[in-house]
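Chemist: My structure is below; once you've seen it, I'll send some questions.
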8 protein chains.
Amino acid sequence: MKDKAVSPPEEVVLDDARLQRIGLDEAIYCQGKSPAQTDSILAASIRNRTPRLLTRLDGKSFEALDADHRSRLDYDPVSCTAILAFDRKPDPGSDLGSDAAASKERAQVTVASAGTSDIPAAKEAVRTLAYYKEAVQEIHDIGVAGLWRLLDRLDDIRSTPVVIAAAGMEASLPSVLGGQVPGLVIALPTSNGYGISAGGRVALEAALSSCAPGLAVVNIDNGYGAACLALRALRIARAPSHCLY
Amino acid sequence: MKDKAVSPPEEVVLDDARLQRIGLDEAIYCQGKSPAQTDSILAASIRNRTPRLLTRLDGKSFEALDADHRSRLDYDPVSCTAILAFDRKPDPGSDLGSDAAASKERAQVTVASAGTSDIPAAKEAVRTLAYYKEAVQEIHDIGVAGLWRLLDRLDDIRSTPVVIAAAGMEASLPSVLGGQVPGLVIALPTSNGYGISAGGRVALEAALSSCAPGLAVVNIDNGYGAACLALRALRIARAPSHCLY
Amino acid sequence: MKDKAVSPPEEVVLDDARLQRIGLDEAIYCQGKSPAQTDSILAASIRNRTPRLLTRLDGKSFEALDADHRSRLDYDPVSCTAILAFDRKPDPGSDLGSDAAASKERAQVTVASAGTSDIPAAKEAVRTLAYYKEAVQEIHDIGVAGLWRLLDRLDDIRSTPVVIAAAGMEASLPSVLGGQVPGLVIALPTSNGYGISAGGRVALEAALSSCAPGLAVVNIDNGYGAACLALRALRIARAPSHCLY
Amino acid sequence: MKDKAVSPPEEVVLDDARLQRIGLDEAIYCQGKSPAQTDSILAASIRNRTPRLLTRLDGKSFEALDADHRSRLDYDPVSCTAILAFDRKPDPGSDLGSDAAASKERAQVTVASAGTSDIPAAKEAVRTLAYYKEAVQEIHDIGVAGLWRLLDRLDDIRSTPVVIAAAGMEASLPSVLGGQVPGLVIALPTSNGYGISAGGRVALEAALSSCAPGLAVVNIDNGYGAACLALRALRIARAPSHCLY
Amino acid sequence: MKDKAVSPPEEVVLDDARLQRIGLDEAIYCQGKSPAQTDSILAASIRNRTPRLLTRLDGKSFEALDADHRSRLDYDPVSCTAILAFDRKPDPGSDLGSDAAASKERAQVTVASAGTSDIPAAKEAVRTLAYYKEAVQEIHDIGVAGLWRLLDRLDDIRSTPVVIAAAGMEASLPSVLGGQVPGLVIALPTSNGYGISAGGRVALEAALSSCAPGLAVVNIDNGYGAACLALRALRIARAPSHCLY
Amino acid sequence: MKDKAVSPPEEVVLDDARLQRIGLDEAIYCQGKSPAQTDSILAASIRNRTPRLLTRLDGKSFEALDADHRSRLDYDPVSCTAILAFDRKPDPGSDLGSDAAASKERAQVTVASAGTSDIPAAKEAVRTLAYYKEAVQEIHDIGVAGLWRLLDRLDDIRSTPVVIAAAGMEASLPSVLGGQVPGLVIALPTSNGYGISAGGRVALEAALSSCAPGLAVVNIDNGYGAACLALRALRIARAPSHCLY
Amino acid sequence: MKDKAVSPPEEVVLDDARLQRIGLDEAIYCQGKSPAQTDSILAASIRNRTPRLLTRLDGKSFEALDADHRSRLDYDPVSCTAILAFDRKPDPGSDLGSDAAASKERAQVTVASAGTSDIPAAKEAVRTLAYYKEAVQEIHDIGVAGLWRLLDRLDDIRSTPVVIAAAGMEASLPSVLGGQVPGLVIALPTSNGYGISAGGRVALEAALSSCAPGLAVVNIDNGYGAACLALRALRIARAPSHCLY
Amino acid sequence: MKDKAVSPPEEVVLDDARLQRIGLDEAIYCQGKSPAQTDSILAASIRNRTPRLLTRLDGKSFEALDADHRSRLDYDPVSCTAILAFDRKPDPGSDLGSDAAASKERAQVTVASAGTSDIPAAKEAVRTLAYYKEAVQEIHDIGVAGLWRLLDRLDDIRSTPVVIAAAGMEASLPSVLGGQVPGLVIALPTSNGYGISAGGRVALEAALSSCAPGLAVVNIDNGYGAACLALRALRIARAPSHCLY
């Protein structure tokens with residue numbers, strides 16, 4: 001029986017045709033996966049030189065991975081994401097996220113956050129966009145309690161066609177932005193809050209109830225989904241097969 | 001048995017010592033009361049020349065009251081309130097609410113609303129303040145989707161020490177005001193909304209979760225309570241028995 | 001007092017700078033507005049020749065409007081929307097919605113529905129897009145219980161860069177589409193359902209929980225919001241001020 | 001007092017007539033039971049040579065059991081189940097679950113899962129069926145985001161009269177299967193999810209709301225119950241006392 | 001515009017391949033459909049001699065249908081179902097439901113109810129089974145508050161391989177039956193209740209939480225679904241393509 | 001078919017052995033029953049001279065009953081109860097409820113209410129007690145906002161061994177009484193409230209959460225259940241078969 | 001600052017007049033109290049020779065108490081209660097609970113439980129009754145899935161005037177007992193369950209919705225409250241000041 | 001990569017104009033912040049001699065701060081708050097909280113609590129008021145189960161114009177006070193409770209539903225917000241710019 005407890009886990013079957021089908025490959029959602037399951041996916045990916053985005057990989061789970069695998073990953077502890085890339089060697093001094101943020105003049109997406117506690121979810125979006133080589137402008141700590149901080153940055157925010165607004169508690173930020181910005185505004189509610197707003201349900205429902213027309217809403221803390229939504233929207237203008245007039 | 005069905009209802013026992021105790025008398029909450037119950041309260045009040053504020057008295061219920069009673073009431077169909085006053089005859093051309101609002105230079109309370117559908121709850125607050133002869137400044141349609149409308153009126157709003165902000169849906173208005181106004185900001189969530197925000201729970205919970213420090217929150221559509229809260233706060237400065245330094 | 005009950009309602013203050021600011025003007029949400037309030041908005045709009053989209057205007061409320069106003073409106077009883085347009089006379093034989101749908105070769109948006117009961121919400125989206133002169137391809141009754149109906153239309157659906165998927169009950173349609181379509185997929189949960197799914201909360205939460213990456217979700221029955229979201233996304237490709245590379 | 005803290009626990013009274021009454025004996029639900037309670041049940045069962053299925057026995061609780069008891073149990077750490085069998089010696093190299101799965105040609109039940117995180121619940125069903133010597137066909141990772149994986153296996157799935165479909169998040173898998181498979185489809189919602197779908201309530205309610213006719217639904221993560229349901233259904237055809245025409 | 005309001009509704013697209021695919025055709029769920037929509041489906045069905053089951057058709061909606069259509073329907077006001085059959089003329093004196101119930105010796109399904117208010121949901125199941133020519137044994141008013149009524153009928157209940165147990169409030173009936181009956185027990189929670197149990201959520205969740213192993217649960221008031229589930233289970237024993245050993 | 005729509009309803013099977021078993025007979029819960037069903041129960045009861053308590057029989061439903069049946073019933077429109085008694089003729093001038101209340105010196109139960117809107121639920125308890133010939137002391141309008149009203153009546157309340165406290169909104173009344181009264185205190189939460197407290201869930205949960213030890217709680221508006229609970233408790237002292245020391 | 005962290009906690013002010021007022025003294029609810037706070041209460045109680053019941057004192061918190069205090073307490077790890085008594089020395093070999101249970105012929109209260117996991121809550125009731133020297137009959141493992149276990153003990157259960165029925169999951173036990181037992185039946189819902197029933201809300205709401213008339217319900221896991229309720233009821237028969245006829 | 005894991009966190013951008021704008025500076029909400037983030041804020045504050053209030057800083061997080069920073073903080077483990085003050089050296093023997101409480105004759109705010117477990121939330125309010133040099137009168141353990149404790153202190157409570165009432169479970173305390181006290185009453189619901197009241201939702205909703213007119217409610221455990229609300233109210237009387245008559 002003892003042997004069995006350490007026997008290899010179920011082999012995970014990935015949807016690798018997804019990239020061809022919808023232009024987004026399957027991210028590896030690590031929460032609930034054992035280190036052995038994650039390592040087995042990484043081993044196969046390294047063998048096939050398939051790039052991978054890993055999400056919800058907390059520091060402890062990262063440390064439990066195979067040392068060789070870890071050395072090949074660009075890991076970010078704030079967003080709990082890791083990127084396995086093959087076109088260039090990950091560089092400890094400059095992660096993909098900040099590298100992308102640096103090239104701000106090319107950014108098509110703004111990732112904004114209301115407060116410090118919303119940054120992990122915001123960074124999951126930043127890192128997903130970086131994985132797909134999409135440049136990002138990051139603007140943090142512009143929650144509506146200090147409205148002028150937000151208004152001061154409005155021109156910057158309006159300069160990108162897509163805005164992701166991460167906010168917890170009562171999540172007024174996406175509502176206010178939705179009324180000021182003509183582009184696509186994606187509300188990313190976060191689990192940041194306490195008492196009645198603990199866990200993010202109030203933030204989510206407030207975003208869905210917004211009086212600003214045409215907000216896109218994603219699940220609580222779903223920075224990955226917000227980024228994929230941005231990528232789908234940006235593709236509209238770039239894909240040659242769609243004839244916009 | 002038939003007689004019984006129309007027999008006089010239970011005599012309502014009012015808490016008439018409340019005025020002496022806390023400076024607020026008992027309002028007559030009419031929803032769920034039969035016309036006979038309301039008329040019986042009015043008859044006694046007229047007999048004793050006791051002023052009364054009636055709330056949640058919709059048009060149909062008002063029409064079902066005794067004609068003589070109706071002629072003595074200052075009724076407002078928007079807020080569903082009626083006032084029985086003895087110091088002056090109600091005048092059809094100028095109700096207590098607008099009378100009070102006219103004397104704007106004396107106003108200590110601003111009642112603001114985010115949109116048209118929030119006006120009934122806001123007006124319940126206005127009328128309650130009028131009943132207690134408290135002047136009110138009304139500012140409507142300043143929801144955050146059109147942020148500049150709100151910012152244009154910010155100096156007016158800051159000019160009163162108390163602000164009641166009525167808003168449904170995601171109720172961002174009290175949050176934004178709470179970060180801009182030094183006085184007492186009372187969030188009055190309304191039942192205005194649909195889908196996930198129908199009934200006002202999202203507005204209420206968003207107000208409670210606000211990132212602005214020190215918001216006072218009341219129950220959904222509770223304009224009466226918001227006004228009483230304002231009255232309690234204004235009393236602090238006026239009551240001689242409290243030695244503020 | 002009687003006069004007062006029929007006195008003109010509060011004048012509604014519309015956010016008419018919104019069009020300049022974000023490219024979407026303020027729709028008139030009619031639920032909860034009295035006929036007098038709606039007529040007063042219409043009168044002003046006709047005076048200023050400002051086009052208007054009216055939503056949540058049910059048949060009974062439409063019939064209660066001023067006869068002259070009604071004659072100028074293009075009203076659709078299924079979606080409960082009315083359009084006040086000035087560039088052409090509404091024609092009883094062909095409403096704006098079907099006119100737009102007819103020019104299917106130009107459509108940039110597909111509006112799909114899972115079942116008959118989801119059509120009112122879907123049509124609110126169709127009509128909103130028609131108001132903004134955006135051509136639409138409509139595909140109905142493709143719920144996943146009969147999966148082949150959906151698969152048969154997949155090429156049609158993929159032909160537009162934006163897809164709005166209206167579904168109630170367990171709302172599997174947006175999830176399945178999200179995994180098959182590379183464009184922007186907007187989940188429009190509807191209130192269609194009974195028992196545990198009555199009112200649409202299950203459909204909404206299922207859409208938010210979708211395993212397909214990058215779904216945009218809007219409030220229950222919010223066809224208007226889904227359409228505005230589509231318009232924001234389409235604008236990315238068309239607006240000259242944004243330099244997509 | 002110290003002695004008391006380690007005194008033997010309450011003797012558990014099992015419903016051992018249940019097997020005769022309904023053909024299913026009482027499984028030992030170990031969550032919340034102390035090791036002493038579980039060991040006391042095992043000791044009695046070994047004494048009486050009564051087979052037992054133990055569920056929700058996590059690795060740590062298993063390790064806390066009496067060593068001799070552990071050596072007699074066939075334990076599976078993925079499903080957290082243990083089987084005490086008397087007709088054959090548990091063999092570390094081939095657990096009851098995979099043994100059953102191997103004899104796929106005899107399988108009357110398919111246990112399918114949408115994703116890796118749904119496997120523990122699915123395996124609880126597999127192991128329960130193995131305990132009752134029911135052969136199982138396992139098919140994993142066929143969630144609807146990659147629809148073709150599911151369609152590729154549809155003939156296999158249709159080959160068994162009963163299908164158990166384990167899925168978390170928005171749980172579209174049972175809905176899609178319910179529209180494609182003529183046999184009994186049992187939806188097994190799992191707690192796999194985050195944000196609004198954390199804990200499995202969305203998956204459960206989506207399964208209950210399915211547009212596919214005649215889905216059987218069980219509690220969240222209740223693989224044991226799904227398997228018992230399958231056993232009840234299979235019994236219909238096998239029991240000689242029921243005269244099906 | 002007036003003409004438009006009465007213009008023919010959207011043509012409903014039915015999934016008529018469903019019968020071939022899963023052995024159950026698409027029932028017409030009438031709640032939310034206009035009489036014109038229902039009549040249009042009926043007209044087509046009569047033209048093609050396709051039998052139809054209509055559910056959630058309340059008395060008022062039935063009366064609003066075309067008179068000729070009504071004369072062809074076997075309508076039951078308790079369950080709000082109508083059956084369009086072509087193999088025999090509906091006979092006012094004996095509806096399909098009671099006809100089936102009469103032939104009790106052949107019944108493979110028991111439909112039981114806890115109280116009078118649970119009968120409409122129970123009857124929806126009875127009528128669905130009748131539509132598929134499945135004989136039913138009905139046993140009503142056996143709620144657990146009067147336990148002996150239930151125990152007195154236990155042998156009758158055990159005589160059929162499938163039992164549907166309709167119950168509202170706290171829904172103890174399916175739990176008690178699940179512990180006494182070896183066959184398939186389907187819990188059909190109903191919306192019958194008040195206070196905390198109004199609408200049926202408590203009944204549903206109690207059924208899902210049952211301590212009896214292997215209960216199948218369906219949505220609140222979903223008699224149609226419970227019957228389809230029973231049909232799927234009975235098919236296991238009858239279908240020649242499945243080789244049960 | 002037309003005949004069928006008016007055919008006699010299902011015969012209701014009552015649990016008439018309940019009186020012998022637990023000392024409480026089955027009340028007829030009329031909500032959801034058709035007049036024909038209620039009349040059929042009444043006809044049988046009159047035939048057998050079986051007394052009956054009918055609850056949730058609103059005025060309109062009462063008026064729809066057979067005229068002869070109505071003449072035999074003691075009907076109370078406030079509590080929506082009717083009593084069919086055989087030991088004395090109902091007297092229009094004094095209903096059973098007030099008759100019982102008059103004989104206050106014999107009362108073993110106090111029925112108290114917090115406000116006017118809680119009276120219907122309170123009266124359902126009063127009438128149920130009257131049906132079982134239990135004398136009642138009624139004390140109304142003692143909600144805690146006017147605490148002295150409650151304190152003034154505390155000695156009266158303490159004089160009976162059982163107290164039923166009906167309250168809606170935040171339901172502080174049972175908590176305060178529970179800390180002051182040594183007897184059995186039964187919290188009867190009511191649906192009286194608005195906004196967050198509409199429907200009674202807050203009142204119910206507040207009563208269950210009370211800091212006063214040993215409160216008994218019943219379902220929202222369940223005056224009948226509160227009275228039965230009181231009867232069960234009073235029986236303890238009166239039943240000779242129980243040897244209290 | 002360091003000193004401050006270990007400074008004595010706030011002195012707790014107990015309601016020691018409660019015993020005189022309502023016959024129940026204040027139990028010490030230890031969850032959330034620091035060991036220092038509990039020790040400080042114990043020290044004062046020992047000084048004044050005031051007996052005390054401590055609830056929700058888990059093993060770890062008990063071990064953290066002062067050693068001398070521990071030696072004076074009769075601690076029960078299953079119910080997490082401790083009793084400080086002064087009339088006799090606690091005896092490690094026979095705790096107050098089992099001592100009381102032994103004298104079964106005198107028992108006025110039955111404490112029943114549905115399953116093993118419900119025993120901790122049941123034992124909290126047993127221990128509270130023991131603290132007040134009320135004899136108890138304990139009957140465990142009689143959940144309705146094995147109905148005959150319950151029926152076999154029905155005469156025993158009926159022999160006491162008060163029955164406390166502890167059950168989690170769907171909590172059918174109190175419903176079934178409420179229909180069989182004439183005495184006072186107290187439903188004690190427990191947090192025992194998983195998936196939808198985790199935490200006890202389903203058990204609580206099922207108990208409140210019971211079809212059996214006159215059940216008393218307490219909060220989830222509130223064995224202490226159930227016992228106090230029983231004591232209040234038993235007092236009715238014993239207190240000389242109440243004149244029952 | 002290893003270096004990166006310990007790289008400095010995102011720099012937090014504080015809203016330091018808030019003090020000028022609304023008279024309240026931004027408190028540092030430490031829950032969810034890393035020690036490095038908190039230390040970085042403290043370092044900057046010390047550099048600029050900016051006073052700071054830190055909330056939700058539990059003992060373990062406090063101990064993880066830089067030793068020099070800790071020596072400059074006045075930390076209170078009960079309320080989990082720390083104060084960085086520059087006008088006087090923190091004195092281990094007398095913290096700001098108790099210092100303020102000592103000067104009771106000057107107190108404008110009473111902070112009352114229902115029970116021991118409500119003290120942490122109450123103390124967060126006390127400490128926030130101390131940070132703003134507002135004197136406080138503290139009164140604890142006056143829950144309504146022991147009503148006389150509350151009534152005994154009523155004159156003391158009425159002596160301050162503002163009252164903060166902290167209570168968990170069913171939170172009757174603010175309701176009772178609201179009916180007795182003419183000043184501003186702020187309900188501070190706490191998370192103290194178990195079963196249905198665990199987490200504080202019942203306390204919050206009960207406070208919002210209070211029958212006492214004009215209660216101000218804040219989020220669960222939000223002592224900081226309650227104090228800010230009190231400060232806003234007290235400012236009304238003190239600010240020279242507002243002309244109260």
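In the structure tokens, chains take the letters A, B, ... in the order shown, each chain's residues start at 1, and ligands count up from 1 in the order shown.
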Determine, using only C-alpha atoms, which residues of region 108-187 of chain G have any atom at most 8 Å from an atom of region 141-157 of chain E, and tabulate each with its shortest atom pair and distance in Å to one decimal place, rows ordered by chain and then rising number, as CSV.
Modeler:
```
residue,atom,partner,partner_atom,distance
G:Ser175,CA,E:Ala145,CA,6.7
G:Val176,CA,E:Val144,CA,5.8
G:Gly178,CA,E:Ala145,CA,7.0
G:Gly179,CA,E:Ala145,CA,4.3
G:Gln180,CA,E:Ala145,CA,7.5
```
Chemist: Using the selection just defined, write its residues with all heavy atoms as an mmCIF file, in the first residue's frame.
Modeler:
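Result file follows (result.cif):
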```cif
data_model
loop_
_atom_site.group_PDB
_atom_site.id
_atom_site.type_symbol
_atom_site.label_atom_id
_atom_site.label_comp_id
_atom_site.auth_asym_id
_atom_site.auth_seq_id
_atom_site.Cartn_x
_atom_site.Cartn_y
_atom_site.Cartn_z
ATOM 1 N N SER G 175 -38.214 15.686 12.336
ATOM 2 C CA SER G 175 -39.517 15.649 11.667
ATOM 3 C C SER G 175 -40.248 14.352 11.960
ATOM 4 O O SER G 175 -41.435 14.355 12.289
ATOM 5 C CB SER G 175 -39.344 15.779 10.146
ATOM 6 O OG SER G 175 -39.405 17.113 9.748
ATOM 7 N N VAL G 176 -39.536 13.243 11.801
ATOM 8 C CA VAL G 176 -40.183 11.958 12.025
ATOM 9 C C VAL G 176 -40.604 11.833 13.486
ATOM 10 O O VAL G 176 -41.733 11.439 13.783
ATOM 11 C CB VAL G 176 -39.249 10.809 11.594
ATOM 12 C CG1 VAL G 176 -39.783 9.463 12.062
ATOM 13 C CG2 VAL G 176 -39.081 10.816 10.081
ATOM 14 N N GLY G 178 -41.264 14.238 15.566
ATOM 15 C CA GLY G 178 -42.336 15.199 15.847
ATOM 16 C C GLY G 178 -43.701 14.659 15.492
ATOM 17 O O GLY G 178 -44.711 15.072 16.084
ATOM 18 N N GLY G 179 -43.763 13.737 14.556
ATOM 19 C CA GLY G 179 -45.037 13.140 14.188
ATOM 20 C C GLY G 179 -45.386 11.916 15.017
ATOM 21 O O GLY G 179 -46.490 11.393 14.911
ATOM 22 N N GLN G 180 -44.464 11.452 15.849
ATOM 23 C CA GLN G 180 -44.683 10.222 16.622
ATOM 24 C C GLN G 180 -44.760 10.446 18.126
ATOM 25 O O GLN G 180 -45.215 9.560 18.847
ATOM 26 C CB GLN G 180 -43.536 9.224 16.348
ATOM 27 C CG GLN G 180 -43.358 8.872 14.894
ATOM 28 C CD GLN G 180 -44.599 8.258 14.302
ATOM 29 O OE1 GLN G 180 -45.314 7.525 14.970
ATOM 30 N NE2 GLN G 180 -44.914 8.613 13.053
#
```
Chemist: Residues at most 12 Å from Gly23 (chain D), counting only C-alpha atoms, excluding those fewer than 5 positions away in the same chain, as a list in words?
Modeler: Asp16, Ala17, Arg18, Tyr132, Cys228, Leu229, Leu231, Arg232, Ala233, Leu234, Arg235, Ile236 and Ala239 of chain D; Gly178, Gly179, Gln180, Val181, Pro182, Gly183, Leu184, Pro213 and Gly214 of chain E
Chemist: Go ahead and compute the interatomic distance for CA of Asp221 (chain G) and CA of Ala121 (chain G), in Å to one decimal.
Modeler: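 Separation between CA of Asp221 (chain G) and CA of Ala121 (chain G): 5.2 Å.
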Chemist: Running DSSP on the backbone, which parts of region 5-193 of chain D land in alpha helix (DSSP H), as a PyMOL selection string?
Modeler: chain D and resi 5+18-22+35-48+59-63+67-72+96-102+119-131+147-152+154-158+172-178
Chemist: Give the strand (DSSP E or B) residues of region 25-65 of chain D, as DSSP finds them on the backbone, and put them as a list in words.
Modeler: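 Filtering region 25-65 of chain D to strand (DSSP E or B) leaves Ile28, Tyr29, Arg52, Leu53, Leu54 and Thr55 of chain D.
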Chemist: Report, in Å to a single decimal, how far apart CA of Tyr29 (chain G) and CA of Thr55 (chain G) are.
Modeler: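 Result for CA of Thr55 (chain G) versus CA of Tyr29 (chain G): 5.0 Å, one decimal.
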Chemist: For a quick check of understanding, using only C-alpha atoms, which of H:Arg47, H:Arg106, H:Arg127, H:Lys33 has the smallest distance to chain A?
Modeler: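 Comparing H:Arg47, H:Arg106, H:Arg127, H:Lys33 against chain A, the winner is H:Lys33.
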Chemist: CA of Asp118 (chain G) to CA of Pro51 (chain G): how many Å, to one decimal?
Modeler: 27.5 Å
